[in-house]
file my_file.cif (mmCIF, N, CA and C atoms)
data_run
#
loop_
_atom_site.label_atom_id
_atom_site.label_comp_id
_atom_site.auth_asym_id
_atom_site.auth_seq_id
_atom_site.Cartn_x
_atom_site.Cartn_y
_atom_site.Cartn_z
N MET F 1 84.57 -86.16 3.08
CA MET F 1 84.12 -87.52 2.81
C MET F 1 82.93 -87.83 3.73
N PRO F 2 81.86 -88.37 3.22
CA PRO F 2 80.69 -88.65 4.07
C PRO F 2 80.91 -89.87 4.96
N ASN F 3 80.13 -89.93 6.05
CA ASN F 3 80.13 -91.12 6.90
C ASN F 3 79.68 -92.31 6.09
N GLY F 4 80.13 -93.48 6.48
CA GLY F 4 79.62 -94.69 5.87
C GLY F 4 80.66 -95.78 5.82
N PHE F 5 80.19 -96.94 5.42
CA PHE F 5 81.07 -98.09 5.33
C PHE F 5 81.93 -98.00 4.08
N ILE F 6 83.20 -98.32 4.26
CA ILE F 6 84.14 -98.43 3.16
C ILE F 6 84.71 -99.85 3.19
N GLY F 7 85.18 -100.31 2.07
CA GLY F 7 85.81 -101.62 2.01
C GLY F 7 87.32 -101.50 2.08
N TYR F 8 87.94 -102.46 2.75
CA TYR F 8 89.39 -102.51 2.81
C TYR F 8 89.81 -103.96 3.02
N GLN F 9 90.56 -104.49 2.09
CA GLN F 9 91.04 -105.87 2.14
C GLN F 9 89.90 -106.85 2.43
N GLY F 10 88.77 -106.62 1.78
CA GLY F 10 87.63 -107.52 1.92
C GLY F 10 86.82 -107.35 3.19
N GLU F 11 87.16 -106.36 4.01
CA GLU F 11 86.46 -106.11 5.28
C GLU F 11 85.75 -104.76 5.21
N LYS F 12 84.78 -104.56 6.11
CA LYS F 12 84.06 -103.30 6.18
C LYS F 12 84.58 -102.46 7.35
N ILE F 13 84.77 -101.19 7.09
CA ILE F 13 85.18 -100.22 8.11
C ILE F 13 84.18 -99.07 8.04
N TYR F 14 83.73 -98.62 9.20
CA TYR F 14 82.82 -97.47 9.21
C TYR F 14 83.64 -96.19 9.38
N LEU F 15 83.60 -95.34 8.37
CA LEU F 15 84.35 -94.10 8.33
C LEU F 15 83.52 -92.95 8.88
N ILE F 16 84.10 -92.24 9.84
CA ILE F 16 83.49 -91.03 10.39
C ILE F 16 84.48 -89.90 10.12
N ASP F 17 84.12 -89.02 9.21
CA ASP F 17 85.04 -87.96 8.79
C ASP F 17 84.59 -86.62 9.36
N VAL F 18 85.30 -86.16 10.38
CA VAL F 18 85.04 -84.84 10.94
C VAL F 18 86.16 -83.87 10.58
N SER F 19 86.98 -84.26 9.63
CA SER F 19 88.09 -83.41 9.19
C SER F 19 87.60 -82.04 8.78
N GLY F 20 88.26 -81.03 9.30
CA GLY F 20 87.94 -79.67 8.90
C GLY F 20 86.67 -79.09 9.48
N ILE F 21 85.93 -79.84 10.26
CA ILE F 21 84.69 -79.32 10.83
C ILE F 21 85.03 -78.39 12.00
N THR F 22 84.50 -77.19 11.94
CA THR F 22 84.72 -76.22 13.01
C THR F 22 83.40 -75.74 13.63
N ASP F 23 82.29 -76.07 12.99
CA ASP F 23 80.97 -75.66 13.47
C ASP F 23 80.36 -76.80 14.30
N SER F 24 79.99 -76.51 15.53
CA SER F 24 79.47 -77.56 16.42
C SER F 24 78.20 -78.20 15.87
N ARG F 25 77.35 -77.43 15.19
CA ARG F 25 76.11 -78.02 14.64
C ARG F 25 76.42 -79.05 13.56
N GLU F 26 77.42 -78.77 12.74
CA GLU F 26 77.81 -79.75 11.72
C GLU F 26 78.43 -80.98 12.37
N PHE F 27 79.19 -80.77 13.41
CA PHE F 27 79.77 -81.88 14.16
C PHE F 27 78.66 -82.77 14.71
N PHE F 28 77.66 -82.16 15.32
CA PHE F 28 76.53 -82.90 15.89
C PHE F 28 75.80 -83.70 14.82
N ARG F 29 75.54 -83.08 13.67
CA ARG F 29 74.85 -83.78 12.58
C ARG F 29 75.66 -84.99 12.12
N THR F 30 76.96 -84.82 12.01
CA THR F 30 77.83 -85.91 11.56
C THR F 30 77.80 -87.06 12.55
N LEU F 31 77.93 -86.75 13.84
CA LEU F 31 77.92 -87.81 14.86
C LEU F 31 76.55 -88.46 14.99
N ASP F 32 75.49 -87.68 14.89
CA ASP F 32 74.14 -88.25 14.97
C ASP F 32 73.88 -89.24 13.84
N ALA F 33 74.30 -88.88 12.64
CA ALA F 33 74.12 -89.78 11.49
C ALA F 33 74.93 -91.05 11.67
N ALA F 34 76.15 -90.92 12.15
CA ALA F 34 77.00 -92.09 12.38
C ALA F 34 76.40 -92.99 13.47
N ALA F 35 75.85 -92.39 14.51
CA ALA F 35 75.26 -93.17 15.60
C ALA F 35 74.11 -94.05 15.09
N VAL F 36 73.27 -93.49 14.24
CA VAL F 36 72.16 -94.27 13.68
C VAL F 36 72.69 -95.48 12.91
N ASP F 37 73.68 -95.25 12.07
CA ASP F 37 74.26 -96.34 11.27
C ASP F 37 74.91 -97.40 12.16
N ILE F 38 75.76 -96.97 13.07
CA ILE F 38 76.52 -97.91 13.91
C ILE F 38 75.58 -98.71 14.80
N ARG F 39 74.60 -98.07 15.38
CA ARG F 39 73.71 -98.74 16.34
C ARG F 39 72.66 -99.61 15.66
N SER F 40 72.66 -99.63 14.34
CA SER F 40 71.78 -100.55 13.61
C SER F 40 72.51 -101.85 13.25
N CYS F 41 73.78 -101.94 13.62
CA CYS F 41 74.60 -103.12 13.31
C CYS F 41 74.57 -104.10 14.49
N PRO F 42 74.96 -105.35 14.23
CA PRO F 42 75.06 -106.32 15.33
C PRO F 42 76.08 -105.87 16.38
N LEU F 43 75.88 -106.33 17.60
CA LEU F 43 76.80 -106.01 18.69
C LEU F 43 78.21 -106.47 18.36
N ASN F 44 79.20 -105.69 18.79
CA ASN F 44 80.62 -106.01 18.66
C ASN F 44 81.03 -106.35 17.22
N SER F 45 80.49 -105.60 16.26
CA SER F 45 80.76 -105.94 14.86
C SER F 45 81.37 -104.81 14.03
N VAL F 46 81.37 -103.59 14.55
CA VAL F 46 81.76 -102.44 13.75
C VAL F 46 83.20 -102.02 14.06
N ARG F 47 83.94 -101.77 13.00
CA ARG F 47 85.29 -101.21 13.10
C ARG F 47 85.20 -99.77 12.65
N THR F 48 85.50 -98.83 13.55
CA THR F 48 85.34 -97.42 13.22
C THR F 48 86.68 -96.76 12.96
N LEU F 49 86.65 -95.87 11.99
CA LEU F 49 87.81 -95.07 11.61
C LEU F 49 87.38 -93.61 11.62
N VAL F 50 87.98 -92.83 12.52
CA VAL F 50 87.61 -91.42 12.67
C VAL F 50 88.75 -90.56 12.13
N LEU F 51 88.41 -89.67 11.20
CA LEU F 51 89.37 -88.73 10.63
C LEU F 51 89.14 -87.36 11.25
N THR F 52 90.17 -86.80 11.87
CA THR F 52 89.99 -85.57 12.65
C THR F 52 90.86 -84.39 12.22
N SER F 53 91.60 -84.51 11.14
CA SER F 53 92.52 -83.44 10.74
C SER F 53 91.80 -82.10 10.63
N ASN F 54 92.39 -81.10 11.26
CA ASN F 54 91.90 -79.72 11.18
C ASN F 54 90.49 -79.51 11.73
N ALA F 55 90.00 -80.44 12.52
CA ALA F 55 88.71 -80.24 13.19
C ALA F 55 88.95 -79.42 14.46
N ARG F 56 87.96 -78.61 14.84
CA ARG F 56 88.06 -77.83 16.07
C ARG F 56 86.90 -78.19 16.97
N PHE F 57 87.21 -78.50 18.22
CA PHE F 57 86.21 -78.94 19.18
C PHE F 57 85.99 -77.86 20.23
N ASP F 58 84.73 -77.60 20.58
CA ASP F 58 84.45 -76.81 21.76
C ASP F 58 83.94 -77.76 22.84
N SER F 59 83.60 -77.23 23.99
CA SER F 59 83.20 -78.09 25.11
C SER F 59 81.92 -78.87 24.80
N GLN F 60 81.01 -78.29 24.03
CA GLN F 60 79.78 -79.00 23.66
C GLN F 60 80.09 -80.18 22.75
N VAL F 61 81.01 -80.01 21.84
CA VAL F 61 81.41 -81.10 20.94
C VAL F 61 82.09 -82.21 21.72
N VAL F 62 82.92 -81.84 22.68
CA VAL F 62 83.59 -82.85 23.51
C VAL F 62 82.55 -83.69 24.24
N GLU F 63 81.57 -83.05 24.84
CA GLU F 63 80.51 -83.79 25.55
C GLU F 63 79.73 -84.68 24.59
N LYS F 64 79.41 -84.15 23.42
CA LYS F 64 78.68 -84.92 22.41
C LYS F 64 79.49 -86.14 21.98
N PHE F 65 80.79 -85.95 21.76
CA PHE F 65 81.64 -87.06 21.34
C PHE F 65 81.73 -88.12 22.43
N LYS F 66 81.80 -87.70 23.69
CA LYS F 66 81.83 -88.67 24.79
C LYS F 66 80.56 -89.51 24.81
N LEU F 67 79.41 -88.87 24.68
CA LEU F 67 78.14 -89.60 24.67
C LEU F 67 78.00 -90.48 23.44
N PHE F 68 78.46 -89.98 22.30
CA PHE F 68 78.45 -90.75 21.06
C PHE F 68 79.28 -92.02 21.21
N ALA F 69 80.49 -91.89 21.69
CA ALA F 69 81.38 -93.04 21.85
C ALA F 69 80.84 -94.02 22.89
N LYS F 70 80.32 -93.52 23.97
CA LYS F 70 79.76 -94.39 25.02
C LYS F 70 78.56 -95.17 24.48
N GLY F 71 77.68 -94.51 23.75
CA GLY F 71 76.51 -95.17 23.19
C GLY F 71 76.84 -96.21 22.13
N ASN F 72 77.97 -96.02 21.46
CA ASN F 72 78.39 -96.96 20.42
C ASN F 72 79.17 -98.14 20.97
N THR F 73 79.60 -98.07 22.20
CA THR F 73 80.48 -99.09 22.78
C THR F 73 80.02 -100.52 22.52
N PRO F 74 78.76 -100.87 22.73
CA PRO F 74 78.36 -102.28 22.53
C PRO F 74 78.49 -102.76 21.08
N TYR F 75 78.51 -101.84 20.15
CA TYR F 75 78.51 -102.19 18.73
C TYR F 75 79.90 -102.22 18.10
N VAL F 76 80.86 -101.60 18.78
CA VAL F 76 82.18 -101.40 18.18
C VAL F 76 83.17 -102.49 18.61
N GLU F 77 83.80 -103.06 17.61
CA GLU F 77 84.84 -104.06 17.84
C GLU F 77 86.21 -103.40 18.02
N LYS F 78 86.53 -102.46 17.13
CA LYS F 78 87.81 -101.76 17.15
C LYS F 78 87.61 -100.33 16.68
N SER F 79 88.47 -99.43 17.19
CA SER F 79 88.41 -98.03 16.77
C SER F 79 89.81 -97.51 16.49
N ALA F 80 89.90 -96.72 15.42
CA ALA F 80 91.15 -96.05 15.09
C ALA F 80 90.85 -94.60 14.77
N ILE F 81 91.79 -93.74 15.14
CA ILE F 81 91.65 -92.31 14.90
C ILE F 81 92.90 -91.83 14.17
N VAL F 82 92.67 -91.01 13.14
CA VAL F 82 93.78 -90.47 12.34
C VAL F 82 93.67 -88.94 12.34
N GLY F 83 94.81 -88.27 12.55
CA GLY F 83 94.86 -86.83 12.38
C GLY F 83 94.71 -86.00 13.64
N LEU F 84 94.93 -86.59 14.81
CA LEU F 84 94.78 -85.82 16.04
C LEU F 84 95.86 -84.76 16.18
N SER F 85 95.46 -83.59 16.64
CA SER F 85 96.42 -82.55 17.00
C SER F 85 96.64 -82.63 18.51
N GLY F 86 97.47 -81.79 19.04
CA GLY F 86 97.81 -81.83 20.46
C GLY F 86 96.63 -81.77 21.39
N ILE F 87 95.78 -80.76 21.25
CA ILE F 87 94.64 -80.61 22.16
C ILE F 87 93.61 -81.72 21.95
N GLN F 88 93.51 -82.22 20.74
CA GLN F 88 92.58 -83.32 20.48
C GLN F 88 92.99 -84.58 21.23
N GLY F 89 94.29 -84.74 21.46
CA GLY F 89 94.76 -85.87 22.26
C GLY F 89 94.25 -85.80 23.69
N VAL F 90 94.18 -84.60 24.23
CA VAL F 90 93.63 -84.41 25.57
C VAL F 90 92.15 -84.79 25.58
N VAL F 91 91.44 -84.38 24.54
CA VAL F 91 90.02 -84.73 24.42
C VAL F 91 89.87 -86.24 24.33
N LEU F 92 90.71 -86.89 23.54
CA LEU F 92 90.64 -88.34 23.41
C LEU F 92 90.84 -89.02 24.75
N ASN F 93 91.77 -88.54 25.55
CA ASN F 93 91.98 -89.14 26.86
C ASN F 93 90.74 -89.02 27.73
N ALA F 94 90.04 -87.90 27.65
CA ALA F 94 88.79 -87.74 28.40
C ALA F 94 87.75 -88.73 27.91
N VAL F 95 87.67 -88.92 26.60
CA VAL F 95 86.72 -89.88 26.03
C VAL F 95 87.08 -91.30 26.47
N ARG F 96 88.35 -91.64 26.45
CA ARG F 96 88.78 -92.97 26.90
C ARG F 96 88.36 -93.24 28.34
N VAL F 97 88.58 -92.27 29.21
CA VAL F 97 88.22 -92.43 30.61
C VAL F 97 86.70 -92.59 30.75
N PHE F 98 85.94 -91.75 30.07
CA PHE F 98 84.48 -91.76 30.17
C PHE F 98 83.88 -93.05 29.62
N THR F 99 84.41 -93.54 28.52
CA THR F 99 83.82 -94.71 27.85
C THR F 99 84.46 -96.03 28.24
N LYS F 100 85.67 -95.95 28.84
CA LYS F 100 86.44 -97.16 29.15
C LYS F 100 86.72 -97.98 27.89
N ARG F 101 86.91 -97.26 26.78
CA ARG F 101 87.19 -97.90 25.48
C ARG F 101 88.61 -97.65 25.05
N LYS F 102 89.07 -98.51 24.17
CA LYS F 102 90.39 -98.37 23.58
C LYS F 102 90.26 -97.74 22.20
N PHE F 103 91.01 -96.69 21.97
CA PHE F 103 91.08 -96.04 20.67
C PHE F 103 92.54 -96.01 20.26
N GLU F 104 92.87 -96.58 19.14
CA GLU F 104 94.24 -96.54 18.65
C GLU F 104 94.40 -95.30 17.78
N VAL F 105 95.51 -94.60 17.97
CA VAL F 105 95.77 -93.36 17.24
C VAL F 105 96.87 -93.59 16.21
N PHE F 106 96.63 -93.10 15.01
CA PHE F 106 97.58 -93.27 13.91
C PHE F 106 97.79 -91.93 13.21
N LYS F 107 98.98 -91.75 12.67
CA LYS F 107 99.27 -90.59 11.84
C LYS F 107 98.94 -90.88 10.39
N ASP F 108 98.95 -92.17 10.05
CA ASP F 108 98.81 -92.60 8.66
C ASP F 108 97.49 -93.36 8.47
N LEU F 109 96.71 -92.95 7.49
CA LEU F 109 95.42 -93.58 7.21
C LEU F 109 95.56 -95.06 6.87
N GLU F 110 96.54 -95.39 6.06
CA GLU F 110 96.73 -96.77 5.64
C GLU F 110 97.04 -97.68 6.84
N GLU F 111 97.88 -97.19 7.75
CA GLU F 111 98.20 -97.98 8.94
C GLU F 111 96.97 -98.19 9.81
N ALA F 112 96.13 -97.17 9.91
CA ALA F 112 94.90 -97.29 10.70
C ALA F 112 93.99 -98.36 10.09
N LYS F 113 93.85 -98.36 8.78
CA LYS F 113 93.02 -99.36 8.10
C LYS F 113 93.59 -100.76 8.34
N LYS F 114 94.90 -100.91 8.22
CA LYS F 114 95.52 -102.22 8.44
C LYS F 114 95.25 -102.72 9.86
N TYR F 115 95.37 -101.82 10.82
CA TYR F 115 95.08 -102.19 12.21
C TYR F 115 93.63 -102.68 12.34
N LEU F 116 92.71 -101.94 11.77
CA LEU F 116 91.30 -102.28 11.93
C LEU F 116 90.93 -103.64 11.36
N VAL F 117 91.57 -104.06 10.29
CA VAL F 117 91.22 -105.35 9.68
C VAL F 117 92.09 -106.50 10.21
N SER F 118 93.06 -106.18 11.06
CA SER F 118 93.91 -107.24 11.62
C SER F 118 93.17 -107.96 12.75
N ASP F 119 93.58 -109.18 13.03
CA ASP F 119 92.95 -109.93 14.14
C ASP F 119 93.67 -109.71 15.44
#
call {"tool": "encode", "arguments": {"input": "my_file.cif", "output": "structure tokens"}}
result
Amino acid sequence: MPNGFIGYQGEKIYLIDVSGITDSREFFRTLDAAAVDIRSCPLNSVRTLVLTSNARFDSQVVEKFKLFAKGNTPYVEKSAIVGLSGIQGVVLNAVRVFTKRKFEVFKDLEEAKKYLVSD
């Protein structure tokens, strides 16, 4: 699924789908494209949904994701992540510490969407 805004219950959510990505160059392209979109929005206005099932991260991708999340911080209102595996949870903790942001983790896509549109 490509990056971009999706509608849910009359609200907009920015979807970042890195599911199944194992090549760091493809990961970088996906995050770079998402950064352009997110950073063109008003401050504190974007709700992000990241799909990570079967993605594989190397150390370069982890660093890229940390910088991506940090750079998006002023624009993001809420973030949800779906599909984390065990090692990805460790990566998420590193990103949380680096960015000082809150990321809610869900096993279910529908629950993540509900969280993002809730007040």
call {"tool": "closest_atom_pairs", "arguments": {"input": "my_file.cif", "of": "region 32-114 of chain F", "to": "region 18-26 of chain F", "cutoff": "12 Å", "atoms": "only C-alpha atoms", "output": "CSV"}}
result
residue,atom,partner,partner_atom,distance
F:Asp32,CA,F:Glu26,CA,9.8
F:Ala33,CA,F:Glu26,CA,10.7
F:Ala34,CA,F:Val18,CA,10.9
F:Leu49,CA,F:Val18,CA,10.6
F:Val50,CA,F:Val18,CA,7.3
F:Leu51,CA,F:Ser19,CA,5.7
F:Thr52,CA,F:Ser19,CA,4.5
F:Ser53,CA,F:Ser19,CA,4.7
F:Asn54,CA,F:Gly20,CA,4.6
F:Ala55,CA,F:Gly20,CA,4.4
F:Arg56,CA,F:Thr22,CA,4.8
F:Phe57,CA,F:Thr22,CA,6.9
F:Asp58,CA,F:Ser24,CA,7.3
F:Ser59,CA,F:Ser24,CA,9.5
F:Gln60,CA,F:Ser24,CA,7.4
F:Val61,CA,F:Ser24,CA,6.1
F:Val62,CA,F:Ser24,CA,9.8
F:Glu63,CA,F:Ser24,CA,11.1
F:Lys64,CA,F:Ser24,CA,9.5
F:Phe65,CA,F:Ser24,CA,10.9
F:Ile81,CA,F:Val18,CA,10.7
F:Val82,CA,F:Ser19,CA,9.6
F:Gly83,CA,F:Ser19,CA,8.2
F:Leu84,CA,F:Ser19,CA,9.9
F:Ser85,CA,F:Ser19,CA,11.5
call {"tool": "resolve_selection", "arguments": {"input": "my_file.cif", "expression": "the PyMOL selection byres ((chain F and resi 44) around 8)", "output": "count of residues only"}}
result
13
call {"tool": "closest_residue", "arguments": {"input": "my_file.cif", "among": "F:Lys70, F:Ser40, F:Asp108, F:Val117", "to": "Val95 (chain F)", "atoms": "only N, CA and C atoms"}}
result
F:Lys70
call {"tool": "select_by_dssp", "arguments": {"input": "my_file.cif", "residues": "chain F", "states": "strand (DSSP E)", "output": "PyMOL selection string"}}
result
chain F and resi 4-8+11-17+46-51+76-82+104-106
call {"tool": "write_last_selection", "arguments": {"input": "my_file.cif", "atoms": "N, CA and C atoms", "output": "JSON list (two decimals), in the coordinates of the input"}}
result
[["chain", "number", "residue", "atom", "x", "y", "z"],
["F", 4, "GLY", "N", 80.13, -93.48, 6.48],
["F", 4, "GLY", "CA", 79.62, -94.69, 5.87],
["F", 4, "GLY", "C", 80.66, -95.78, 5.82],
["F", 5, "PHE", "N", 80.19, -96.94, 5.42],
["F", 5, "PHE", "CA", 81.07, -98.09, 5.33],
["F", 5, "PHE", "C", 81.93, -98.00, 4.08],
["F", 6, "ILE", "N", 83.20, -98.32, 4.26],
["F", 6, "ILE", "CA", 84.14, -98.43, 3.16],
["F", 6, "ILE", "C", 84.71, -99.85, 3.19],
["F", 7, "GLY", "N", 85.18, -100.31, 2.07],
["F", 7, "GLY", "CA", 85.81, -101.62, 2.01],
["F", 7, "GLY", "C", 87.32, -101.50, 2.08],
["F", 8, "TYR", "N", 87.94, -102.46, 2.75],
["F", 8, "TYR", "CA", 89.39, -102.51, 2.81],
["F", 8, "TYR", "C", 89.81, -103.96, 3.02],
["F", 11, "GLU", "N", 87.16, -106.36, 4.01],
["F", 11, "GLU", "CA", 86.46, -106.11, 5.28],
["F", 11, "GLU", "C", 85.75, -104.76, 5.21],
["F", 12, "LYS", "N", 84.78, -104.56, 6.11],
["F", 12, "LYS", "CA", 84.06, -103.30, 6.18],
["F", 12, "LYS", "C", 84.58, -102.46, 7.35],
["F", 13, "ILE", "N", 84.77, -101.19, 7.09],
["F", 13, "ILE", "CA", 85.18, -100.22, 8.11],
["F", 13, "ILE", "C", 84.18, -99.07, 8.04],
["F", 14, "TYR", "N", 83.73, -98.62, 9.20],
["F", 14, "TYR", "CA", 82.82, -97.47, 9.21],
["F", 14, "TYR", "C", 83.64, -96.19, 9.38],
["F", 15, "LEU", "N", 83.60, -95.34, 8.37],
["F", 15, "LEU", "CA", 84.35, -94.10, 8.33],
["F", 15, "LEU", "C", 83.52, -92.95, 8.88],
["F", 16, "ILE", "N", 84.10, -92.24, 9.84],
["F", 16, "ILE", "CA", 83.49, -91.03, 10.39],
["F", 16, "ILE", "C", 84.48, -89.90, 10.12],
["F", 17, "ASP", "N", 84.12, -89.02, 9.21],
["F", 17, "ASP", "CA", 85.04, -87.96, 8.79],
["F", 17, "ASP", "C", 84.59, -86.62, 9.36],
["F", 46, "VAL", "N", 81.37, -103.59, 14.55],
["F", 46, "VAL", "CA", 81.76, -102.44, 13.75],
["F", 46, "VAL", "C", 83.20, -102.02, 14.06],
["F", 47, "ARG", "N", 83.94, -101.77, 13.00],
["F", 47, "ARG", "CA", 85.29, -101.21, 13.10],
["F", 47, "ARG", "C", 85.20, -99.77, 12.65],
["F", 48, "THR", "N", 85.50, -98.83, 13.55],
["F", 48, "THR", "CA", 85.34, -97.42, 13.22],
["F", 48, "THR", "C", 86.68, -96.76, 12.96],
["F", 49, "LEU", "N", 86.65, -95.87, 11.99],
["F", 49, "LEU", "CA", 87.81, -95.07, 11.61],
["F", 49, "LEU", "C", 87.38, -93.61, 11.62],
["F", 50, "VAL", "N", 87.98, -92.83, 12.52],
["F", 50, "VAL", "CA", 87.61, -91.42, 12.67],
["F", 50, "VAL", "C", 88.75, -90.56, 12.13],
["F", 51, "LEU", "N", 88.41, -89.67, 11.20],
["F", 51, "LEU", "CA", 89.37, -88.73, 10.63],
["F", 51, "LEU", "C", 89.14, -87.36, 11.25],
["F", 76, "VAL", "N", 80.86, -101.60, 18.78],
["F", 76, "VAL", "CA", 82.18, -101.40, 18.18],
["F", 76, "VAL", "C", 83.17, -102.49, 18.61],
["F", 77, "GLU", "N", 83.80, -103.06, 17.61],
["F", 77, "GLU", "CA", 84.84, -104.06, 17.84],
["F", 77, "GLU", "C", 86.21, -103.40, 18.02],
["F", 78, "LYS", "N", 86.53, -102.46, 17.13],
["F", 78, "LYS", "CA", 87.81, -101.76, 17.15],
["F", 78, "LYS", "C", 87.61, -100.33, 16.68],
["F", 79, "SER", "N", 88.47, -99.43, 17.19],
["F", 79, "SER", "CA", 88.41, -98.03, 16.77],
["F", 79, "SER", "C", 89.81, -97.51, 16.49],
["F", 80, "ALA", "N", 89.90, -96.72, 15.42],
["F", 80, "ALA", "CA", 91.15, -96.05, 15.09],
["F", 80, "ALA", "C", 90.85, -94.60, 14.77],
["F", 81, "ILE", "N", 91.79, -93.74, 15.14],
["F", 81, "ILE", "CA", 91.65, -92.31, 14.90],
["F", 81, "ILE", "C", 92.90, -91.83, 14.17],
["F", 82, "VAL", "N", 92.67, -91.01, 13.14],
["F", 82, "VAL", "CA", 93.78, -90.47, 12.34],
["F", 82, "VAL", "C", 93.67, -88.94, 12.34],
["F", 104, "GLU", "N", 92.87, -96.58, 19.14],
["F", 104, "GLU", "CA", 94.24, -96.54, 18.65],
["F", 104, "GLU", "C", 94.40, -95.30, 17.78],
["F", 105, "VAL", "N", 95.51, -94.60, 17.97],
["F", 105, "VAL", "CA", 95.77, -93.36, 17.24],
["F", 105, "VAL", "C", 96.87, -93.59, 16.21],
["F", 106, "PHE", "N", 96.63, -93.10, 15.01],
["F", 106, "PHE", "CA", 97.58, -93.27, 13.91],
["F", 106, "PHE", "C", 97.79, -91.93, 13.21]]
call {"tool": "select_by_dssp", "arguments": {"input": "my_file.cif", "residues": "chain F", "states": "alpha helix (DSSP H)", "output": "number ranges by chain"}}
result
F: 24-38, 59-72, 86-99, 109-117
call {"tool": "atom_distance", "arguments": {"input": "my_file.cif", "atom1": "CA of Ala35 (chain F)", "atom2": "CA of Tyr8 (chain F)"}}
result
21.2 Å
call {"tool": "closest_residue", "arguments": {"input": "my_file.cif", "among": "F:Arg29, F:Lys12, F:Lys66, F:Arg39", "to": "Lys100 (chain F)", "atoms": "only C-alpha atoms"}}
result
F:Lys66
call {"tool": "closest_residue", "arguments": {"input": "my_file.cif", "among": "F:Ser79, F:Asn3, F:Thr30, F:Thr99", "to": "Ala112 (chain F)", "atoms": "all atoms listed in the file"}}
result
F:Ser79
call {"tool": "atom_distance", "arguments": {"input": "my_file.cif", "atom1": "atom C of Phe27 (chain F)", "atom2": "atom N of Gly10 (chain F)"}}
result
29.0 Å
call {"tool": "atom_distance", "arguments": {"input": "my_file.cif", "atom1": "CA of Val105 (chain F)", "atom2": "atom N of Ala80 (chain F)"}}
result
7.0 Å
call {"tool": "closest_residue", "arguments": {"input": "my_file.cif", "among": "F:Ala69, F:Gln9, F:Gly4, F:Phe28", "to": "Ser118 (chain F)", "atoms": "only C-alpha atoms"}}
result
F:Gln9
